[in-house]
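Novice: TSV, C-alpha atoms, saved as input_6.tsv, coming up:
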chain	number	residue	atom	x	y	z
A	14	MET	CA	10.58	30.49	-37.53
A	15	VAL	CA	9.44	27.11	-36.16
A	16	TYR	CA	8.04	26.49	-32.70
A	17	LEU	CA	8.89	23.34	-30.81
A	18	THR	CA	7.15	22.10	-27.67
A	19	ARG	CA	8.53	19.51	-25.29
A	20	LYS	CA	6.43	18.00	-22.50
A	21	ALA	CA	7.51	16.61	-19.14
A	22	GLU	CA	5.67	15.45	-16.05
A	23	PHE	CA	6.42	15.87	-12.39
A	24	ALA	CA	4.56	15.12	-9.20
A	25	ALA	CA	4.71	17.50	-6.25
A	26	SER	CA	2.79	18.68	-3.24
A	27	HIS	CA	2.00	22.21	-2.13
A	28	TYR	CA	-0.40	24.34	-0.14
A	29	TYR	CA	-1.51	27.92	-0.40
A	30	HIS	CA	-0.89	30.27	2.47
A	31	ASN	CA	-0.03	33.94	2.76
A	32	PRO	CA	1.61	34.87	6.09
A	33	LYS	CA	0.15	38.38	5.76
A	34	PHE	CA	-3.40	36.99	5.93
A	35	SER	CA	-5.22	35.90	9.06
A	36	PRO	CA	-6.07	32.17	9.30
A	37	GLU	CA	-9.67	33.08	8.45
A	38	GLU	CA	-8.60	35.02	5.35
A	39	ASP	CA	-6.29	32.18	4.27
A	40	ARG	CA	-9.16	29.70	4.55
A	41	ARG	CA	-11.62	32.00	2.78
A	42	ILE	CA	-9.30	32.80	-0.13
A	43	PHE	CA	-7.52	29.47	-0.61
A	44	GLY	CA	-10.21	27.04	0.61
A	45	LYS	CA	-9.10	23.41	0.71
A	46	CYS	CA	-5.74	24.40	-0.81
A	47	ASN	CA	-4.92	26.03	2.56
A	48	ASN	CA	-4.58	22.65	4.33
A	49	PRO	CA	-1.09	23.03	5.90
A	50	HIS	CA	-0.28	19.36	5.41
A	51	GLY	CA	-0.34	19.96	1.67
A	52	HIS	CA	-1.85	18.06	-1.22
A	53	GLY	CA	-0.39	16.88	-4.52
A	54	HIS	CA	-0.74	17.04	-8.26
A	55	ASN	CA	0.69	15.38	-11.33
A	56	TYR	CA	1.92	18.44	-13.16
A	57	THR	CA	2.46	18.46	-16.92
A	58	LEU	CA	4.99	20.98	-18.11
A	59	GLU	CA	5.08	22.16	-21.72
A	60	VAL	CA	8.06	24.23	-22.79
A	61	THR	CA	7.85	25.95	-26.19
A	62	VAL	CA	10.94	27.40	-27.85
A	63	LYS	CA	11.21	29.18	-31.20
A	64	GLY	CA	13.95	29.70	-33.73
A	65	GLU	CA	15.06	29.31	-37.31
A	66	VAL	CA	15.67	25.77	-38.58
A	67	ASN	CA	19.41	25.12	-38.78
A	68	PRO	CA	20.00	24.16	-42.44
A	69	GLU	CA	22.80	21.77	-41.48
A	70	THR	CA	20.79	19.70	-38.99
A	71	GLY	CA	17.15	20.44	-39.76
A	72	PHE	CA	16.69	21.22	-36.06
A	73	VAL	CA	15.53	24.32	-34.23
A	74	VAL	CA	17.09	22.90	-31.11
A	75	ASP	CA	18.48	19.51	-30.12
A	76	LEU	CA	15.50	17.89	-28.36
A	77	LYS	CA	17.76	15.87	-26.11
A	78	ASP	CA	19.52	19.05	-24.93
A	79	LEU	CA	16.15	20.66	-24.22
A	80	LYS	CA	14.98	17.55	-22.35
A	81	ASP	CA	18.19	17.49	-20.31
A	82	THR	CA	17.87	21.20	-19.46
A	83	MET	CA	14.24	20.71	-18.35
A	84	SER	CA	15.24	17.71	-16.24
A	85	ARG	CA	18.18	19.47	-14.63
A	86	GLU	CA	16.57	22.87	-13.99
A	87	VAL	CA	13.00	21.84	-13.20
A	88	LEU	CA	12.35	18.15	-12.60
A	89	ASP	CA	15.40	17.50	-10.42
A	90	ALA	CA	14.30	20.38	-8.18
A	91	MET	CA	10.54	19.82	-8.15
A	92	ASP	CA	9.66	16.18	-8.86
A	93	HIS	CA	8.45	14.39	-5.71
A	94	ARG	CA	9.04	17.50	-3.61
A	95	PHE	CA	6.94	19.62	-1.26
A	96	LEU	CA	7.18	22.86	-3.24
A	97	ASN	CA	6.65	25.19	-0.25
A	98	LYS	CA	9.48	23.65	1.73
A	99	GLU	CA	11.98	22.31	-0.79
A	100	VAL	CA	12.07	24.73	-3.73
A	101	PRO	CA	13.89	27.94	-2.72
A	102	GLU	CA	11.67	30.29	-4.74
A	103	PHE	CA	8.58	29.08	-2.89
A	104	LEU	CA	9.94	29.80	0.57
A	105	THR	CA	8.68	33.36	-0.05
A	106	LEU	CA	6.28	32.89	-2.98
A	107	ILE	CA	2.93	31.07	-2.97
A	108	PRO	CA	3.33	27.97	-5.23
A	109	THR	CA	0.26	28.55	-7.36
A	110	THR	CA	0.28	27.24	-10.91
A	111	GLU	CA	0.72	30.85	-12.09
A	112	ASN	CA	3.86	31.27	-10.00
A	113	LEU	CA	5.13	27.83	-11.03
A	114	ALA	CA	4.99	28.92	-14.68
A	115	ILE	CA	6.92	32.11	-13.84
A	116	VAL	CA	9.54	30.33	-11.72
A	117	ILE	CA	10.07	27.66	-14.38
A	118	TRP	CA	10.49	30.40	-17.01
A	119	GLN	CA	13.09	32.13	-14.81
A	120	ARG	CA	14.97	28.86	-14.35
A	121	LEU	CA	14.95	27.90	-18.04
A	122	ALA	CA	15.38	31.22	-19.91
A	123	PRO	CA	19.07	31.77	-18.98
A	124	LYS	CA	19.96	28.15	-19.75
A	125	LEU	CA	18.59	27.91	-23.29
A	126	LYS	CA	21.21	28.69	-25.90
A	127	ALA	CA	20.19	27.64	-29.40
A	128	ALA	CA	16.56	28.75	-29.32
A	129	GLN	CA	14.49	31.40	-27.61
A	130	LEU	CA	11.97	30.52	-24.91
A	131	HIS	CA	8.46	31.34	-26.14
A	132	ARG	CA	6.03	29.92	-23.59
A	133	VAL	CA	5.92	27.93	-20.39
A	134	ARG	CA	2.63	26.11	-19.81
A	135	VAL	CA	1.98	24.24	-16.58
A	136	TYR	CA	-1.02	21.95	-16.20
A	137	GLU	CA	-1.97	21.44	-12.56
A	138	THR	CA	-4.73	19.03	-13.61
A	139	PRO	CA	-5.94	18.16	-17.11
A	140	ASP	CA	-8.61	20.88	-16.67
A	141	LEU	CA	-6.42	23.73	-15.46
A	142	PHE	CA	-3.26	25.29	-16.81
A	143	ALA	CA	-1.33	28.55	-16.63
A	144	ASP	CA	0.74	30.12	-19.43
A	145	PHE	CA	3.66	32.53	-19.08
A	146	TYR	CA	5.27	34.27	-22.05
A	147	GLY	CA	7.91	36.27	-20.19
A	148	GLU	CA	7.52	39.84	-19.07
A	149	GLU	CA	6.40	41.44	-22.37
B	20	MET	CA	-2.83	11.14	-38.39
B	21	PHE	CA	-0.26	9.48	-40.60
B	22	SER	CA	2.47	6.96	-39.91
B	23	ALA	CA	5.85	7.20	-41.57
B	24	SER	CA	9.48	6.30	-41.13
B	25	HIS	CA	12.51	8.53	-41.40
B	26	ARG	CA	16.21	8.69	-40.72
B	27	LEU	CA	18.01	11.89	-39.73
B	28	HIS	CA	21.30	12.02	-41.58
B	29	ASN	CA	23.28	14.75	-43.34
B	30	ASP	CA	25.54	13.49	-46.14
B	31	SER	CA	27.86	16.47	-45.73
B	32	MET	CA	28.77	15.42	-42.19
B	33	SER	CA	30.97	12.54	-41.09
B	34	ALA	CA	29.42	9.35	-39.73
B	35	GLN	CA	30.61	10.32	-36.27
B	36	GLU	CA	29.13	13.83	-36.51
B	37	ASN	CA	25.83	12.35	-37.65
B	38	ARG	CA	25.77	9.99	-34.68
B	39	GLU	CA	26.65	12.80	-32.28
B	40	ILE	CA	23.99	15.19	-33.58
B	41	TYR	CA	21.13	12.81	-34.35
B	42	GLY	CA	21.75	10.02	-31.84
B	43	LYS	CA	19.26	7.17	-32.21
B	44	CYS	CA	17.55	9.04	-35.06
B	45	ASN	CA	20.64	8.35	-37.22
B	46	ASN	CA	20.03	4.58	-37.24
B	47	PRO	CA	20.58	3.73	-40.94
B	48	HIS	CA	17.53	1.46	-41.01
B	49	GLY	CA	15.27	4.31	-39.97
B	50	HIS	CA	12.47	4.35	-37.41
B	51	GLY	CA	8.86	5.49	-37.42
B	52	HIS	CA	6.30	7.72	-35.78
B	53	ASN	CA	2.57	8.24	-35.73
B	54	TYR	CA	2.39	11.90	-36.66
B	55	MET	CA	-0.66	13.85	-35.47
B	56	LEU	CA	-1.34	16.75	-37.81
B	57	GLU	CA	-3.35	19.85	-36.87
B	58	VAL	CA	-4.19	22.45	-39.51
B	59	THR	CA	-5.51	25.83	-38.32
B	60	VAL	CA	-7.34	28.13	-40.73
B	61	SER	CA	-9.12	31.40	-40.08
B	62	GLY	CA	-11.77	33.50	-41.77
B	63	GLN	CA	-15.07	35.24	-41.37
B	64	VAL	CA	-18.13	33.09	-40.71
B	65	ALA	CA	-20.19	33.01	-43.91
B	66	GLU	CA	-23.72	34.22	-43.21
B	67	ASN	CA	-25.42	31.66	-45.41
B	68	THR	CA	-23.58	28.60	-44.04
B	69	GLY	CA	-22.45	29.64	-40.56
B	70	MET	CA	-19.06	28.17	-41.42
B	71	VAL	CA	-15.52	29.53	-41.85
B	72	CYS	CA	-14.91	26.84	-44.43
B	73	ASN	CA	-16.37	23.51	-45.40
B	74	LEU	CA	-14.66	21.02	-43.09
B	75	ALA	CA	-15.37	18.16	-45.47
B	76	ASP	CA	-13.45	20.02	-48.18
B	77	LEU	CA	-10.55	20.70	-45.82
B	78	ASP	CA	-10.53	17.05	-44.70
B	79	GLY	CA	-10.63	15.97	-48.33
B	80	PHE	CA	-7.70	18.21	-49.27
B	81	VAL	CA	-5.61	17.00	-46.31
B	82	GLN	CA	-6.44	13.38	-47.09
B	83	ARG	CA	-5.73	13.68	-50.81
B	84	GLU	CA	-2.70	15.97	-50.81
B	85	ILE	CA	-0.98	15.14	-47.52
B	86	ILE	CA	-2.06	11.86	-45.92
B	87	GLU	CA	-1.95	9.95	-49.19
B	88	SER	CA	1.53	11.29	-49.90
B	89	PHE	CA	3.06	10.67	-46.47
B	90	ASP	CA	1.11	7.86	-44.77
B	91	LEU	CA	2.98	4.55	-44.57
B	92	GLN	CA	5.94	5.98	-46.46
B	93	ASN	CA	9.63	6.42	-45.81
B	94	LEU	CA	9.98	10.21	-45.73
B	95	ASN	CA	13.63	10.13	-46.80
B	96	VAL	CA	12.80	8.79	-50.26
B	97	LEU	CA	9.96	11.22	-51.00
B	98	PRO	CA	10.56	14.13	-53.41
B	99	ALA	CA	9.63	16.59	-50.61
B	100	PHE	CA	12.80	15.56	-48.76
B	101	ALA	CA	15.16	15.13	-51.69
B	102	ARG	CA	17.15	18.12	-50.47
B	103	THR	CA	16.12	18.51	-46.82
B	104	ILE	CA	16.45	16.30	-43.78
B	105	PRO	CA	13.02	14.96	-42.73
B	106	THR	CA	13.00	16.42	-39.25
B	107	THR	CA	9.57	17.35	-37.98
B	108	GLU	CA	10.58	21.02	-38.35
B	109	HIS	CA	10.97	20.44	-42.10
B	110	LEU	CA	7.84	18.28	-42.21
B	111	CYS	CA	5.85	21.22	-40.78
B	112	VAL	CA	7.26	23.55	-43.44
B	113	ALA	CA	6.61	21.05	-46.27
B	114	ILE	CA	2.99	20.48	-45.21
B	115	PHE	CA	2.37	24.20	-44.70
B	116	GLU	CA	3.61	24.84	-48.25
B	117	ILE	CA	1.31	22.14	-49.70
B	118	LEU	CA	-1.66	23.79	-47.99
B	119	ARG	CA	-0.57	27.32	-48.92
B	120	ARG	CA	-0.30	26.40	-52.58
B	121	GLY	CA	-3.45	24.32	-52.88
B	122	TYR	CA	-6.02	25.18	-50.22
B	123	HIS	CA	-7.71	28.55	-50.68
B	124	GLN	CA	-11.11	28.32	-48.94
B	125	ALA	CA	-9.82	30.01	-45.77
B	126	HIS	CA	-6.66	31.70	-44.54
B	127	LEU	CA	-3.99	29.20	-43.49
B	128	GLU	CA	-2.79	30.14	-40.01
B	129	LYS	CA	-0.51	27.33	-38.94
B	130	VAL	CA	0.41	23.68	-39.05
B	131	ARG	CA	1.11	21.76	-35.86
B	132	ILE	CA	2.56	18.25	-35.79
B	133	GLU	CA	2.93	15.98	-32.78
B	134	GLU	CA	5.83	13.64	-33.45
B	135	THR	CA	5.31	11.85	-30.13
B	136	MET	CA	3.11	12.51	-27.11
B	137	MET	CA	5.99	14.54	-25.69
B	138	ASN	CA	7.12	16.58	-28.74
B	139	SER	CA	5.28	18.90	-31.08
B	140	PHE	CA	6.23	21.49	-33.71
B	141	GLU	CA	4.42	24.50	-35.16
B	142	TYR	CA	4.96	26.59	-38.29
B	143	ALA	CA	2.98	29.63	-39.42
B	144	GLY	CA	4.79	30.41	-42.67
B	145	GLY	CA	7.63	32.06	-40.78
B	146	GLU	CA	5.26	34.37	-38.88
B	147	GLU	CA	5.28	34.78	-35.12
B	148	ILE	CA	2.64	32.72	-33.32
B	149	CYS	CA	1.08	34.84	-30.61
B	150	CYS	CA	-0.26	32.06	-28.37
What is this structure when it is put down as structure tokens?
Specialist:
Amino acid sequence: MVYLTRKAEFAASHYYHNPKFSPEEDRRIFGKCNNPHGHGHNYTLEVTVKGEVNPETGFVVDLKDLKDTMSREVLDAMDHRFLNKEVPEFLTLIPTTENLAIVIWQRLAPKLKAAQLHRVRVYETPDLFADFYGEE
Amino acid sequence: MFSASHRLHNDSMSAQENREIYGKCNNPHGHGHNYMLEVTVSGQVAENTGMVCNLADLDGFVQREIIESFDLQNLNVLPAFARTIPTTEHLCVAIFEILRRGYHQAHLEKVRIEETMMNSFEYAGGEEICC
């Protein structure tokens, strides 16, 4: 069993707001992140997959295939986007870094064939990241 | 860190298959990387030293047994890759085995290698890595 991690970067804007909260509650809970005009981050995505090394190729997974899947399923949808308005999942879900990790997992897991998804890590800034390992 | 060249090629496949599977990595002249190696060991903290292991000894072992073997070499011609393709998956396994056989001051947990800033590989002797 070998683990392989591929990184990618995307830039996006978001803001935090829960329609069930009053404006005062939104401001108290989300602080500056509640600014309705949004703000942006350079996100770093790390996708880790695991599997046995194929004796024919020496690969766990073809890195180019993994890169293409990440580009198609995540970067094409999220890079240079306003997450709240342009990514369907975030029309009803607050685009926190936690939820980004979950949504990215849900987008990637059904598309990966050769290897099994192990972890999705999303850095919102170099100092802050969220990990998701699936439901277990 | 060590710098080495490699070429990904399987003699049992056709030239076309090799190009399809390995892409640019199949270039017959090879290409190189700066590999960043991380070795993780675990153990109880010794009361008299406050250490899990002596880092100087671990550094010395890695330098002597790994860096000196792989740094500024062509991986394809090394004995470690006489029968395996020098992908970073296999490099992780080869380095883990060197440590497992020769380094006994602490428990070897895993080996992690960054092939580029965007790719890394981990091997824990076939064990699951929890996080």
Novice: From the options B:Thr68, B:Gln82, B:Asn29, B:Ser24, which residue's atoms come nearest to chain A, counting all atoms listed in the file?
Specialist: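 With all atoms listed in the file as the atom set, the closest residue is B:Asn29.
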Novice: Could you please tell me, as number ranges by chain, which residues of chain B have an atom within 8 Å of chain A when using all atoms listed in the file?
Specialist: B: 29, 40, 103-106, 108-109, 136-147
Novice: Grab the residues selected above and save them as a PDB file, in the coordinates of the input with C-alpha atoms.
Specialist:
ATOM      1  CA  ASN B  29      23.280  14.750 -43.340  1.00  0.00           C
ATOM      2  CA  ILE B  40      23.990  15.190 -33.580  1.00  0.00           C
ATOM      3  CA  THR B 103      16.120  18.510 -46.820  1.00  0.00           C
ATOM      4  CA  ILE B 104      16.450  16.300 -43.780  1.00  0.00           C
ATOM      5  CA  PRO B 105      13.020  14.960 -42.730  1.00  0.00           C
ATOM      6  CA  THR B 106      13.000  16.420 -39.250  1.00  0.00           C
ATOM      7  CA  GLU B 108      10.580  21.020 -38.350  1.00  0.00           C
ATOM      8  CA  HIS B 109      10.970  20.440 -42.100  1.00  0.00           C
ATOM      9  CA  MET B 136       3.110  12.510 -27.110  1.00  0.00           C
ATOM     10  CA  MET B 137       5.990  14.540 -25.690  1.00  0.00           C
ATOM     11  CA  ASN B 138       7.120  16.580 -28.740  1.00  0.00           C
ATOM     12  CA  SER B 139       5.280  18.900 -31.080  1.00  0.00           C
ATOM     13  CA  PHE B 140       6.230  21.490 -33.710  1.00  0.00           C
ATOM     14  CA  GLU B 141       4.420  24.500 -35.160  1.00  0.00           C
ATOM     15  CA  TYR B 142       4.960  26.590 -38.290  1.00  0.00           C
ATOM     16  CA  ALA B 143       2.980  29.630 -39.420  1.00  0.00           C
ATOM     17  CA  GLY B 144       4.790  30.410 -42.670  1.00  0.00           C
ATOM     18  CA  GLY B 145       7.630  32.060 -40.780  1.00  0.00           C
ATOM     19  CA  GLU B 146       5.260  34.370 -38.880  1.00  0.00           C
ATOM     20  CA  GLU B 147       5.280  34.780 -35.120  1.00  0.00           C
TER      21      GLU B 147
END
Novice: State, in Å with one decimal place, the distance from atom CA of A:Ser35 to atom CA of A:Asn112.
Specialist: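 One can read the atom CA of A:Ser35 to atom CA of A:Asn112 distance as 21.6 Å.
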Novice: So what do you get for atom CA of B:Ser61 versus atom CA of B:Phe100, distance-wise?
Specialist: 28.4 Å
Novice: Record the distance separating atom CA of A:Asp78 and atom CA of A:Val135, expressed in Å with one decimal.
Specialist: 20.1 Å
